[in-house]
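Visitor: Can you keep this structure in mind? I'll have questions shortly.
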Amino acid sequence: MAFRLGYEEIVSKIIEQKGLSKEEIEKRVNVKLKLLGDLISRQGAVHIVANELSVNVFESTPRELKIDRIVPGLNSISINVKILSLPDRREFKTEKRQGVVSNMLVGDEGGVARLVVWDTNLIDKLSSVNEGDILSIKNAYSKDNNGFCELHLGTRSEVLLNPKDVIIGEVSNNRV
């Protein structure tokens with residue numbers, strides 16, 4: 001079972017589930033690429049096409065993911081990560097809202113990602129963490145930010161600091 005499918009695998013799933021030709025799928029992918037320009041990769045475009053056609057490209061979700069298996073747009077992510085940089089807390093204000101946000105780099109054997117924390121209770125909880133601490137995260141969601149996948153924690157998210165029996169091996173330098 002592959003969670004993060006490649007371009008050709010997704011095209012094959014669309015062909016299998018919807019009976020479209022490879023040429024028809026390529027046309028739809030190219031339309032998305034023209035429409036979204038530099039905002040999306042070919043891989044992202046075929047994901048959108050599959051989603052619009054109601055093609056399930058995720059056969060099943062493992063209980064806990066590794067960073068390299070996360071793609072933008074996922075919800076209810078469970079993951080164990082190691083803190084690679086201390087949280088950077090800042091206040092923000094937009095026309096619609098104001099608040100506090102915290103960012104840090106986290107990683108596991110699969111790669112490195114930015115963790116963005118929006119919930120003030122979680123921000124307070126994570127204010128005393130150290131580099132190397134382990135976080136067991138539940139109900140995170142993922143977003144794209146300039147071609148990089150980020151993990152986000154909101155009000156539904158849960159974090160356990162340094163859970164027993166959770167070990168993170170050597171962290172990969174692969175930024176996703």
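Following the order of the structure tokens, first chain is A, next is B, and so on, with residues numbered from 1 inside each chain and ligands from 1 in the order they appear.
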Using only C-alpha atoms, determine which residues lie at most 8 Å from A:Val49, disregarding the query and same-chain residues fewer than 6 positions distant; provide the list as a PyMOL selection string.

Guide: chain A and resi 25+28-29+32

Visitor: So that I have them on file, write out the residues from the current selection with C-alpha atoms, as a compact mmCIF listing (two decimals), in the first residue's frame.

Guide:
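Below you can see result.txt, which holds the result:
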# COMPACT_ATOMS: atom_id res chain seq x y z
CA ILE A 25 -6.33 12.85 -18.25
CA ARG A 28 -7.26 17.87 -17.79
CA VAL A 29 -3.92 18.06 -15.97
CA LYS A 32 -5.09 22.79 -14.24

Visitor: For the strand (DSSP E or B) assignment from backbone DSSP, which residues of chain A qualify? Please present them as a CSV table (one decimal) with N, CA and C atoms, in the first residue's frame.

Guide:
chain,number,residue,atom,x,y,z
A,65,LEU,N,1.4,8.6,10.3
A,65,LEU,CA,2.2,8.9,9.1
A,65,LEU,C,3.6,9.3,9.4
A,77,ILE,N,-4.5,14.1,10.8
A,77,ILE,CA,-3.2,13.5,10.7
A,77,ILE,C,-2.7,13.2,12.1
A,78,SER,N,-2.2,11.9,12.3
A,78,SER,CA,-1.5,11.5,13.5
A,78,SER,C,-0.1,11.3,13.2
A,79,ILE,N,0.8,11.9,13.9
A,79,ILE,CA,2.2,11.8,13.6
A,79,ILE,C,3.1,12.0,14.9
A,80,ASN,N,4.2,11.3,14.9
A,80,ASN,CA,5.2,11.6,15.9
A,80,ASN,C,6.4,12.2,15.3
A,81,VAL,N,6.9,13.3,15.9
A,81,VAL,CA,8.0,14.1,15.3
A,81,VAL,C,8.9,14.6,16.4
A,82,LYS,N,10.1,14.9,16.0
A,82,LYS,CA,11.1,15.5,16.9
A,82,LYS,C,11.3,17.0,16.6
A,83,ILE,N,11.4,17.8,17.6
A,83,ILE,CA,11.5,19.2,17.5
A,83,ILE,C,12.9,19.5,17.0
A,88,ASP,N,8.8,29.7,17.4
A,88,ASP,CA,8.9,31.2,17.1
A,88,ASP,C,7.5,31.7,17.2
A,89,ARG,N,7.2,32.4,18.3
A,89,ARG,CA,5.8,32.9,18.6
A,89,ARG,C,5.7,34.3,18.1
A,90,ARG,N,4.6,34.6,17.4
A,90,ARG,CA,4.4,36.0,17.0
A,90,ARG,C,2.9,36.4,16.9
A,91,GLU,N,2.7,37.6,17.1
A,91,GLU,CA,1.3,38.1,17.0
A,91,GLU,C,1.0,38.5,15.6
A,92,PHE,N,-0.2,38.4,15.2
A,92,PHE,CA,-0.6,38.8,13.8
A,92,PHE,C,-2.0,39.5,13.9
A,93,LYS,N,-2.2,40.4,12.9
A,93,LYS,CA,-3.5,41.1,12.8
A,93,LYS,C,-3.8,41.2,11.3
A,98,GLN,N,-7.3,38.7,14.5
A,98,GLN,CA,-5.9,38.8,15.1
A,98,GLN,C,-5.7,37.7,16.1
A,99,GLY,N,-4.4,37.5,16.4
A,99,GLY,CA,-4.1,36.4,17.3
A,99,GLY,C,-2.7,36.1,17.4
A,100,VAL,N,-2.4,34.9,17.8
A,100,VAL,CA,-1.0,34.5,18.0
A,100,VAL,C,-0.8,33.2,17.2
A,101,VAL,N,0.4,33.1,16.6
A,101,VAL,CA,0.8,31.9,15.9
A,101,VAL,C,2.2,31.5,16.2
A,102,SER,N,2.5,30.2,16.2
A,102,SER,CA,3.8,29.8,16.5
A,102,SER,C,4.3,28.8,15.5
A,103,ASN,N,5.6,28.9,15.1
A,103,ASN,CA,6.2,28.1,14.1
A,103,ASN,C,7.4,27.4,14.6
A,104,MET,N,7.7,26.2,14.1
A,104,MET,CA,8.9,25.5,14.4
A,104,MET,C,9.2,24.4,13.4
A,105,LEU,N,10.4,24.0,13.3
A,105,LEU,CA,10.7,22.9,12.4
A,105,LEU,C,10.6,21.6,13.2
A,106,VAL,N,10.0,20.5,12.6
A,106,VAL,CA,10.0,19.2,13.2
A,106,VAL,C,10.4,18.2,12.1
A,107,GLY,N,10.8,17.0,12.6
A,107,GLY,CA,11.2,16.0,11.6
A,107,GLY,C,11.1,14.6,12.2
A,108,ASP,N,11.2,13.7,11.2
A,108,ASP,CA,11.2,12.2,11.5
A,108,ASP,C,12.1,11.6,10.5
A,111,GLY,N,11.5,13.0,6.9
A,111,GLY,CA,11.8,14.3,6.4
A,111,GLY,C,11.6,15.4,7.5
A,112,VAL,N,11.6,16.6,7.0
A,112,VAL,CA,11.5,17.8,7.8
A,112,VAL,C,10.3,18.6,7.3
A,113,ALA,N,9.5,19.2,8.2
A,113,ALA,CA,8.4,20.1,7.8
A,113,ALA,C,8.3,21.2,8.9
A,114,ARG,N,7.6,22.2,8.4
A,114,ARG,CA,7.3,23.3,9.4
A,114,ARG,C,6.0,23.0,10.1
A,115,LEU,N,6.0,23.2,11.4
A,115,LEU,CA,4.8,23.0,12.2
A,115,LEU,C,4.3,24.3,12.6
A,116,VAL,N,3.0,24.6,12.2
A,116,VAL,CA,2.4,25.9,12.5
A,116,VAL,C,1.3,25.7,13.5
A,117,VAL,N,1.4,26.4,14.6
A,117,VAL,CA,0.4,26.2,15.7
A,117,VAL,C,-0.4,27.4,15.9
A,134,ILE,N,10.2,15.1,21.7
A,134,ILE,CA,9.3,14.4,20.8
A,134,ILE,C,7.9,14.8,21.1
A,135,LEU,N,7.2,15.1,20.0
A,135,LEU,CA,5.7,15.4,20.0
A,135,LEU,C,4.9,14.3,19.4
A,136,SER,N,3.9,13.8,20.1
A,136,SER,CA,2.9,12.9,19.5
A,136,SER,C,1.7,13.8,19.2
A,137,ILE,N,1.4,13.9,17.9
A,137,ILE,CA,0.4,14.8,17.5
A,137,ILE,C,-0.8,14.1,16.9
A,138,LYS,N,-2.0,14.5,17.3
A,138,LYS,CA,-3.3,14.0,16.8
A,138,LYS,C,-4.1,15.2,16.2
A,139,ASN,N,-4.8,14.9,15.1
A,139,ASN,CA,-5.7,15.8,14.5
A,139,ASN,C,-5.0,17.1,13.9
A,140,ALA,N,-3.9,16.9,13.3
A,140,ALA,CA,-3.2,17.9,12.6
A,140,ALA,C,-3.8,18.0,11.2
A,141,TYR,N,-3.5,19.0,10.4
A,141,TYR,CA,-3.9,19.1,9.0
A,141,TYR,C,-2.7,19.6,8.2
A,142,SER,N,-2.7,19.4,6.9
A,142,SER,CA,-1.6,19.8,6.1
A,142,SER,C,-2.0,20.8,5.1
A,143,LYS,N,-1.1,21.7,4.8
A,143,LYS,CA,-1.3,22.8,3.8
A,143,LYS,C,0.0,23.0,3.0
A,144,ASP,N,-0.2,23.5,1.8
A,144,ASP,CA,1.0,23.9,1.0
A,144,ASP,C,1.4,25.3,1.2
A,145,ASN,N,2.7,25.6,1.3
A,145,ASN,CA,3.2,26.9,1.5
A,145,ASN,C,4.4,27.0,0.6
A,148,PHE,N,6.1,23.8,-0.3
A,148,PHE,CA,6.5,22.9,0.8
A,148,PHE,C,5.2,22.6,1.6
A,149,CYS,N,5.2,21.3,2.1
A,149,CYS,CA,4.0,20.9,2.9
A,149,CYS,C,4.2,21.2,4.3
A,150,GLU,N,3.2,21.8,5.0
A,150,GLU,CA,3.3,22.2,6.4
A,150,GLU,C,2.3,21.4,7.2
A,151,LEU,N,2.6,21.2,8.4
A,151,LEU,CA,1.6,20.6,9.4
A,151,LEU,C,1.1,21.8,10.2
A,152,HIS,N,-0.3,21.8,10.4
A,152,HIS,CA,-0.9,22.8,11.1
A,152,HIS,C,-1.7,22.2,12.3
A,153,LEU,N,-1.6,22.9,13.4
A,153,LEU,CA,-2.4,22.5,14.6
A,153,LEU,C,-3.4,23.6,14.9
A,158,GLU,N,-4.3,17.8,19.2
A,158,GLU,CA,-3.8,17.4,20.5
A,158,GLU,C,-2.3,17.1,20.4
A,159,VAL,N,-1.6,17.4,21.5
A,159,VAL,CA,-0.2,17.2,21.5
A,159,VAL,C,0.2,16.6,22.8
A,160,LEU,N,1.0,15.5,22.8
A,160,LEU,CA,1.6,14.9,23.9
A,160,LEU,C,3.1,15.1,23.8
A,161,LEU,N,3.7,15.7,24.9
A,161,LEU,CA,5.1,16.0,24.9
A,161,LEU,C,5.9,14.8,25.5
A,175,ARG,N,13.3,18.0,3.0
A,175,ARG,CA,12.2,19.0,3.3
A,175,ARG,C,11.1,18.7,2.4

Visitor: Restricting the calculation to only C-alpha atoms, which member of A:Ile48, A:Leu86, A:Val176, A:Leu35 is positioned closest to A:Gly147?

Guide: A:Val176

Visitor: Would you mind writing down, as a VMD selection string, each residue of stretch 12-161 of chain A that DSSP on the backbone assigns to alpha helix (DSSP H)?

Guide: chain A and resid 12 to 18 22 to 36 42 to 52 120 to 125

Visitor: Show me, as a count of residues only, the residues that have an atom within 12 Å of A:Glu26 when counting only C-alpha atoms, minus same-chain residues fewer than 4 positions from it.

Guide: 20

Visitor: Just give me the gap between atom CA of A:Val55 and atom CA of A:Glu109 in Å, one decimal is fine.

Guide: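 That distance, rounded to one decimal, is 29.6 Å.
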
Visitor: Which is closest to A:Gly132 among A:Val166, A:Val171, A:Leu84, A:Leu53, if we use only C-alpha atoms?

Guide: A:Leu84

Visitor: Can you measure atom CA of A:Ser172 to atom CA of A:Ser85 for me? One decimal in Å is fine.

Guide: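 So the answer is 14.6 Å.
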
Visitor: Rounded to one decimal place, report the atom CA of A:Lys66-atom CA of A:Ile168 distance in Å.

Guide: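 We find that atom CA of A:Lys66 and atom CA of A:Ile168 lie 10.4 Å from each other.
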